[in-house]
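This report refers to the structure that appears directly beneath it.
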Amino acid sequence: MSHDVILEAVDVVKHFGDGGNWLSPKPPVQAVDGVSLKIRRGETFAIVGESGCGKSTLARLLMRLLEPTAGNVLFDGAEISHAKGAKLKRLRRDMQFIFQDPFSSLNPRMSVGKLVGEPLEVHAPDMNADDRRAKVAELLRKVGLRPEHAGRYPHEFSGGQRQRIGIARALASGPKLIIGDEPVSALDVSVQAQVINLLGDLRRDLGLTLVVIAHDLSVIRHMSDRVAVMYLGRIVEIGTAQQVFATPRHPYTQALLSAIPSMEGTSRDKKPAVQGEMPSPSDPPSGCRFHTRCPHVQPLCKSQSPKLHGQGHQVACHFWQDIAMPPTESAPPNRSDRAEARFALYRAATTGGTVIHQDKKATTERT
Ligand SMILES: Nc1ncnc2c1ncn2[C@@H]1O[C@H](COP(=O)(O)OP(=O)(O)O)[C@@H](O)[C@H]1O
Ligand SMILES: [Mg+2]
């Protein structure tokens, strides 16, 4: 994998809302507030964090589906955050989106052939009907469907198959980069792995760059090269999947990892990943935005916002060096064994086994 940068965000900010009016003033929602990151060509880059932390907004900014309030987005070295016209059309070909919900993201009145062929009509208008049909058949095969599925309609397919149709549609324009916003979280657990494997195979075979947003850290762990952890509109930690999972440095990442079975709450389990409420993004805490929920909070954290420190494995915490190990006396010395144990718990939980969550932060017994 070469290390050149395909997509870069520089201090990107997106605030929603115009402040209301004098009768009912409303502070803007600081959905994304100063995010910088570099995505390398050919890698799988994951963005994780609790619901409402700004993941989808960031994804839309990266794809130029939204314009930033401030900051820049560069694709292949060129500024795109205000792209229009022919430049925007080229971007739509080069960057594609896979949506979370395969049930609502596909037009039910369009056949599969039409759904997958439509981007070809836009981006390859000179292609004749026969060539287009052949191309659609090839795309369907690539995603594990059959060419004869082209004549059917989305409602005739399962969730996993619909997501395959969505992926075939995303591939049709021949993109360099695909962003999946929670691409498997609407699917049954048994189907999730198949779709994840498909995305991994396509990335390798087609030389794509993949950006995957997920709240399920176990999904991210097995498919991503690098991971960014978001909290209230900012990146708090970034590193290789190995670094972030085996030696998490930010207290927020540590809390997320300790609560893998319940992050964002599945229908089976609504226990929050982190103690306390997430503050409103229209009135975020001063200093470090995590300080209101952080077990290691110090006076400095309330007044000064930490920058991302370090090279490669970066963390935005004033005191990460003091808290690098989990704050429990009983913690085994090898962090990754501990992480392993959590994944075992997660697997047991998702396969319906009875699990007693042994982490110190968990106060309830889960079944
Ligand atoms: N179009 C919008 N208008 C106003 N607020 C929005 C809009 N889109 C998202 N938000 C708010 O921005 C915050 C981040 O949302 P989002 O990016 O969807 O987070 P995530 O994908 O991590 O759940 C949330 O508080 C959400 O309510
Ligand atoms: Mg989202």
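Ordering of the structure tokens sets the chain letters (A, B, ...), residue numbers begin anew at 1 in every chain, and ligands are numbered from 1 in the order given.
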Contacts of Ile98 of chain A at 7 Å (only C-alpha atoms; same-chain gap of 6+ positions) as a PDB file with C-alpha atoms, in the first residue's frame:
```pdb
ATOM      1  CA  GLY A 166     -26.269  -0.636  -3.195  1.00  0.00           C
ATOM      2  CA  ILE A 167     -22.602  -1.606  -3.446  1.00  0.00           C
ATOM      3  CA  ALA A 170     -21.704   2.543  -5.926  1.00  0.00           C
ATOM      4  CA  ILE A 179     -17.530   5.872   2.003  1.00  0.00           C
ATOM      5  CA  GLY A 180     -19.877   3.548   3.876  1.00  0.00           C
ATOM      6  CA  ASP A 181     -21.933   5.209   6.614  1.00  0.00           C
ATOM      7  CA  PRO A 183     -22.971   0.033   5.954  1.00  0.00           C
TER       8      PRO A 183
END
```
Residues near Gly239 of chain A, cut-off 7 Å, only C-alpha atoms, skip fewer than 2 positions along chain, as an mmCIF file with N, CA and C atoms, in the first residue's frame:
```
data_model
loop_
_atom_site.group_PDB
_atom_site.id
_atom_site.type_symbol
_atom_site.label_atom_id
_atom_site.label_comp_id
_atom_site.auth_asym_id
_atom_site.auth_seq_id
_atom_site.Cartn_x
_atom_site.Cartn_y
_atom_site.Cartn_z
ATOM 1 N N ARG A 226 -6.626 1.859 9.653
ATOM 2 C CA ARG A 226 -6.493 2.914 10.665
ATOM 3 C C ARG A 226 -7.870 3.336 11.167
ATOM 4 N N VAL A 227 -7.868 3.879 12.368
ATOM 5 C CA VAL A 227 -9.127 4.212 13.040
ATOM 6 C C VAL A 227 -9.039 5.632 13.612
ATOM 7 N N ALA A 228 -10.121 6.402 13.421
ATOM 8 C CA ALA A 228 -10.253 7.699 14.098
ATOM 9 C C ALA A 228 -11.443 7.614 15.050
ATOM 10 N N GLU A 237 -8.725 10.502 19.076
ATOM 11 C CA GLU A 237 -7.610 9.563 18.946
ATOM 12 C C GLU A 237 -7.588 9.058 17.511
ATOM 13 N N ALA A 241 -5.348 0.291 13.575
ATOM 14 C CA ALA A 241 -6.340 -0.482 14.321
ATOM 15 C C ALA A 241 -5.671 -1.182 15.492
ATOM 16 N N GLN A 243 -2.985 -0.218 17.173
ATOM 17 C CA GLN A 243 -2.673 0.752 18.236
ATOM 18 C C GLN A 243 -3.922 1.121 19.030
ATOM 19 N N VAL A 244 -4.995 1.416 18.308
ATOM 20 C CA VAL A 244 -6.192 1.907 18.986
ATOM 21 C C VAL A 244 -6.865 0.797 19.806
ATOM 22 N N GLY A 312 1.809 9.401 14.132
ATOM 23 C CA GLY A 312 1.200 8.091 13.899
ATOM 24 C C GLY A 312 0.030 7.862 14.833
ATOM 25 N N HIS A 313 0.325 7.365 16.025
ATOM 26 C CA HIS A 313 -0.727 7.168 17.023
ATOM 27 C C HIS A 313 -0.904 8.489 17.777
ATOM 28 N N GLN A 314 -2.000 9.193 17.464
ATOM 29 C CA GLN A 314 -2.199 10.518 18.043
ATOM 30 C C GLN A 314 -3.365 10.508 19.024
#
```
Using only C-alpha atoms, determine which residues lie at most 10 Å from Gln242 of chain A, disregarding the query and same-chain residues fewer than 5 positions distant; provide the list as a PyMOL selection string. chain A and resi 221-222+224-227+247-248+336
What are the DSSP helix (DSSP H, G or I) residues of segment 66-314 of chain A, as JSON, numbers by chain? {"A": [85, 86, 87, 88, 89, 90, 91, 92, 93, 94, 112, 113, 114, 115, 116, 117, 118, 119, 120, 121, 122, 123, 129, 130, 131, 132, 133, 134, 135, 136, 137, 138, 139, 140, 141, 142, 147, 148, 149, 150, 151, 154, 155, 156, 159, 160, 161, 162, 163, 164, 165, 166, 167, 168, 169, 170, 171, 189, 190, 191, 192, 193, 194, 195, 196, 197, 198, 199, 200, 201, 202, 203, 204, 205, 206, 217, 218, 219, 220, 221, 222, 223, 241, 242, 243, 244, 245, 246, 251, 252, 253, 254, 255, 256, 257, 258, 260, 261, 262, 291, 292, 293, 299, 300, 301, 302, 303]}
Show me which residues line ligand 1, defined as having an atom within 9 Å of a ligand atom where only C-alpha atoms and all ligand atoms count, and present them as an NGL selection string. :A and (14-17 or 28-32 or 48-60 or 181-182 or 213-215 or 230-233 or 280-282)
Write to file, as an mmCIF file, in the first residue's frame, the residues of the selection just made, with N, CA and C atoms.
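Contents of selection-v3.cif, freshly written:
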```cif
data_model
loop_
_atom_site.group_PDB
_atom_site.id
_atom_site.type_symbol
_atom_site.label_atom_id
_atom_site.label_comp_id
_atom_site.auth_asym_id
_atom_site.auth_seq_id
_atom_site.Cartn_x
_atom_site.Cartn_y
_atom_site.Cartn_z
ATOM 1 N N LYS A 14 -18.328 22.153 10.744
ATOM 2 C CA LYS A 14 -19.694 22.280 10.245
ATOM 3 C C LYS A 14 -20.622 22.588 11.405
ATOM 4 N N HIS A 15 -21.164 23.787 11.398
ATOM 5 C CA HIS A 15 -22.155 24.181 12.399
ATOM 6 C C HIS A 15 -23.494 24.299 11.696
ATOM 7 N N PHE A 16 -24.512 23.678 12.274
ATOM 8 C CA PHE A 16 -25.858 23.761 11.695
ATOM 9 C C PHE A 16 -26.668 24.818 12.432
ATOM 10 N N GLY A 17 -27.572 25.438 11.698
ATOM 11 C CA GLY A 17 -28.478 26.402 12.328
ATOM 12 C C GLY A 17 -27.965 27.803 12.155
ATOM 13 N N PRO A 28 -25.982 27.500 17.395
ATOM 14 C CA PRO A 28 -25.784 26.513 16.330
ATOM 15 C C PRO A 28 -25.323 25.161 16.885
ATOM 16 N N VAL A 29 -25.648 24.093 16.142
ATOM 17 C CA VAL A 29 -25.187 22.746 16.506
ATOM 18 C C VAL A 29 -23.777 22.576 15.950
ATOM 19 N N GLN A 30 -22.817 22.366 16.842
ATOM 20 C CA GLN A 30 -21.419 22.218 16.399
ATOM 21 C C GLN A 30 -21.157 20.751 16.059
ATOM 22 N N ALA A 31 -21.712 20.313 14.937
ATOM 23 C CA ALA A 31 -21.667 18.887 14.595
ATOM 24 C C ALA A 31 -20.242 18.404 14.343
ATOM 25 N N VAL A 32 -19.466 19.199 13.615
ATOM 26 C CA VAL A 32 -18.049 18.891 13.373
ATOM 27 C C VAL A 32 -17.284 20.170 13.684
ATOM 28 N N VAL A 48 -15.165 6.067 14.233
ATOM 29 C CA VAL A 48 -16.064 5.506 15.251
ATOM 30 C C VAL A 48 -16.405 6.541 16.314
ATOM 31 N N GLY A 49 -17.486 6.279 17.020
ATOM 32 C CA GLY A 49 -17.922 7.167 18.092
ATOM 33 C C GLY A 49 -19.403 6.971 18.343
ATOM 34 N N GLU A 50 -19.873 7.473 19.478
ATOM 35 C CA GLU A 50 -21.290 7.319 19.833
ATOM 36 C C GLU A 50 -22.188 8.062 18.849
ATOM 37 N N SER A 51 -23.445 7.655 18.858
ATOM 38 C CA SER A 51 -24.445 8.312 18.035
ATOM 39 C C SER A 51 -24.492 9.810 18.352
ATOM 40 N N GLY A 52 -24.523 10.628 17.326
ATOM 41 C CA GLY A 52 -24.636 12.074 17.526
ATOM 42 C C GLY A 52 -23.303 12.792 17.629
ATOM 43 N N CYS A 53 -22.176 12.065 17.497
ATOM 44 C CA CYS A 53 -20.876 12.726 17.669
ATOM 45 C C CYS A 53 -20.386 13.397 16.384
ATOM 46 N N GLY A 54 -21.123 13.224 15.289
ATOM 47 C CA GLY A 54 -20.772 13.953 14.069
ATOM 48 C C GLY A 54 -20.187 13.101 12.953
ATOM 49 N N LYS A 55 -20.282 11.778 13.058
ATOM 50 C CA LYS A 55 -19.672 10.890 12.056
ATOM 51 C C LYS A 55 -20.298 11.095 10.667
ATOM 52 N N SER A 56 -21.635 11.084 10.635
ATOM 53 C CA SER A 56 -22.297 11.211 9.327
ATOM 54 C C SER A 56 -22.053 12.581 8.719
ATOM 55 N N THR A 57 -22.042 13.609 9.557
ATOM 56 C CA THR A 57 -21.775 14.961 9.049
ATOM 57 C C THR A 57 -20.364 15.013 8.465
ATOM 58 N N LEU A 58 -19.400 14.433 9.170
ATOM 59 C CA LEU A 58 -18.030 14.414 8.655
ATOM 60 C C LEU A 58 -17.967 13.663 7.324
ATOM 61 N N ALA A 59 -18.653 12.515 7.245
ATOM 62 C CA ALA A 59 -18.635 11.744 5.995
ATOM 63 C C ALA A 59 -19.201 12.582 4.849
ATOM 64 N N ARG A 60 -20.264 13.305 5.115
ATOM 65 C CA ARG A 60 -20.884 14.120 4.071
ATOM 66 C C ARG A 60 -19.988 15.295 3.671
ATOM 67 N N ASP A 181 -21.471 4.673 5.326
ATOM 68 C CA ASP A 181 -21.933 5.209 6.614
ATOM 69 C C ASP A 181 -22.736 4.122 7.319
ATOM 70 N N GLU A 182 -22.128 3.467 8.267
ATOM 71 C CA GLU A 182 -22.743 2.334 8.981
ATOM 72 C C GLU A 182 -23.280 1.314 7.980
ATOM 73 N N ILE A 213 -17.739 4.036 8.423
ATOM 74 C CA ILE A 213 -18.218 4.595 9.679
ATOM 75 C C ILE A 213 -18.973 3.504 10.405
ATOM 76 N N ALA A 214 -18.695 3.333 11.671
ATOM 77 C CA ALA A 214 -19.415 2.306 12.417
ATOM 78 C C ALA A 214 -19.409 2.640 13.889
ATOM 79 N N HIS A 215 -20.437 2.176 14.588
ATOM 80 C CA HIS A 215 -20.400 2.309 16.038
ATOM 81 C C HIS A 215 -19.997 0.977 16.663
ATOM 82 N N MET A 230 -14.132 9.644 17.297
ATOM 83 C CA MET A 230 -14.720 10.994 17.394
ATOM 84 C C MET A 230 -15.514 11.161 18.673
ATOM 85 N N TYR A 231 -15.453 12.353 19.231
ATOM 86 C CA TYR A 231 -16.314 12.702 20.371
ATOM 87 C C TYR A 231 -16.765 14.145 20.208
ATOM 88 N N LEU A 232 -18.064 14.370 20.209
ATOM 89 C CA LEU A 232 -18.646 15.710 20.115
ATOM 90 C C LEU A 232 -17.972 16.583 19.054
ATOM 91 N N GLY A 233 -17.913 16.057 17.848
ATOM 92 C CA GLY A 233 -17.441 16.867 16.728
ATOM 93 C C GLY A 233 -15.942 16.952 16.542
ATOM 94 N N SER A 280 -24.832 18.424 24.898
ATOM 95 C CA SER A 280 -25.411 18.860 23.630
ATOM 96 C C SER A 280 -24.337 19.484 22.734
ATOM 97 N N PRO A 281 -24.328 19.133 21.455
ATOM 98 C CA PRO A 281 -23.350 19.768 20.557
ATOM 99 C C PRO A 281 -23.646 21.247 20.307
ATOM 100 N N SER A 282 -24.809 21.749 20.788
ATOM 101 C CA SER A 282 -25.012 23.204 20.664
ATOM 102 C C SER A 282 -24.462 23.944 21.879
#
```
Need to verify the contact set: Lys114 of chain A, 9 Å, only C-alpha atoms, exclusion of same-chain residues closer than 3 positions in sequence. Can you return it as a PyMOL selection string? chain A and resi 110-111+117-118+136+150-151
Using C-alpha atoms, can you export the residues from the last selection as a JSON list (two decimals), in the first residue's frame?
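Output file selection.json is given in full below:
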```json
[["chain", "number", "residue", "atom", "x", "y", "z"],
["A", 110, "MET", "CA", -36.63, 0.94, -10.11],
["A", 111, "SER", "CA", -35.48, -2.50, -11.21],
["A", 117, "GLY", "CA", -27.20, 1.09, -14.61],
["A", 118, "GLU", "CA", -28.27, 4.62, -13.70],
["A", 136, "VAL", "CA", -24.56, -4.24, -15.06],
["A", 150, "ALA", "CA", -31.34, -7.23, -13.00],
["A", 151, "GLY", "CA", -35.01, -7.69, -13.86]]
```
For Pro295 of chain A, work out the shell of residues within 10 Å, counting only C-alpha atoms and skipping chain neighbours fewer than 5 positions away, then give it as a count of residues only. 6
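Taking atom CA of Gly71 of chain A and atom CA of Ile235 of chain A as endpoints, the distance between them is 14.9 Å.
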Any idea what the distance is between atom CA of His82 of chain A and atom CA of Ile178 of chain A? 19.7 Å
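From atom CA of Lys89 of chain A back to atom CA of Glu8 of chain A, the distance works out to 19.2 Å.
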9 Å contact set for Asp76 of chain A, only C-alpha atoms, chain neighbours under 3 positions out, as a short mmCIF file (atom, residue, chain, number, x, y, z; two decimals) with N, CA and C atoms, in the first residue's frame:
```cif
data_model
loop_
_atom_site.label_atom_id
_atom_site.label_comp_id
_atom_site.auth_asym_id
_atom_site.auth_seq_id
_atom_site.Cartn_x
_atom_site.Cartn_y
_atom_site.Cartn_z
N VAL A 5 -1.62 10.43 0.05
CA VAL A 5 -2.91 10.81 0.63
C VAL A 5 -3.93 11.01 -0.48
N ILE A 6 -5.08 10.36 -0.37
CA ILE A 6 -6.12 10.54 -1.38
C ILE A 6 -7.14 11.59 -0.93
N LEU A 7 -7.42 11.61 0.39
CA LEU A 7 -8.46 12.52 0.88
C LEU A 7 -7.96 13.14 2.18
N GLU A 8 -8.11 14.46 2.27
CA GLU A 8 -7.59 15.14 3.45
C GLU A 8 -8.59 16.18 3.96
N GLU A 79 -8.65 21.11 -3.73
CA GLU A 79 -9.72 21.57 -2.82
C GLU A 79 -11.09 21.28 -3.44
#
```
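You can rank A:Leu140, A:Leu120, A:Val212, A:Met223 by their closest distance to ligand 2 using only C-alpha atoms and all ligand atoms, and at the top of that list sits A:Val212.
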Sel. of strand (DSSP E or B) residues, segment 54-295 of chain A, as an MDAnalysis selection string: chainID A and resid 70:75 78:79 95:98 177:181 209:214 226:231 234:240 266 269
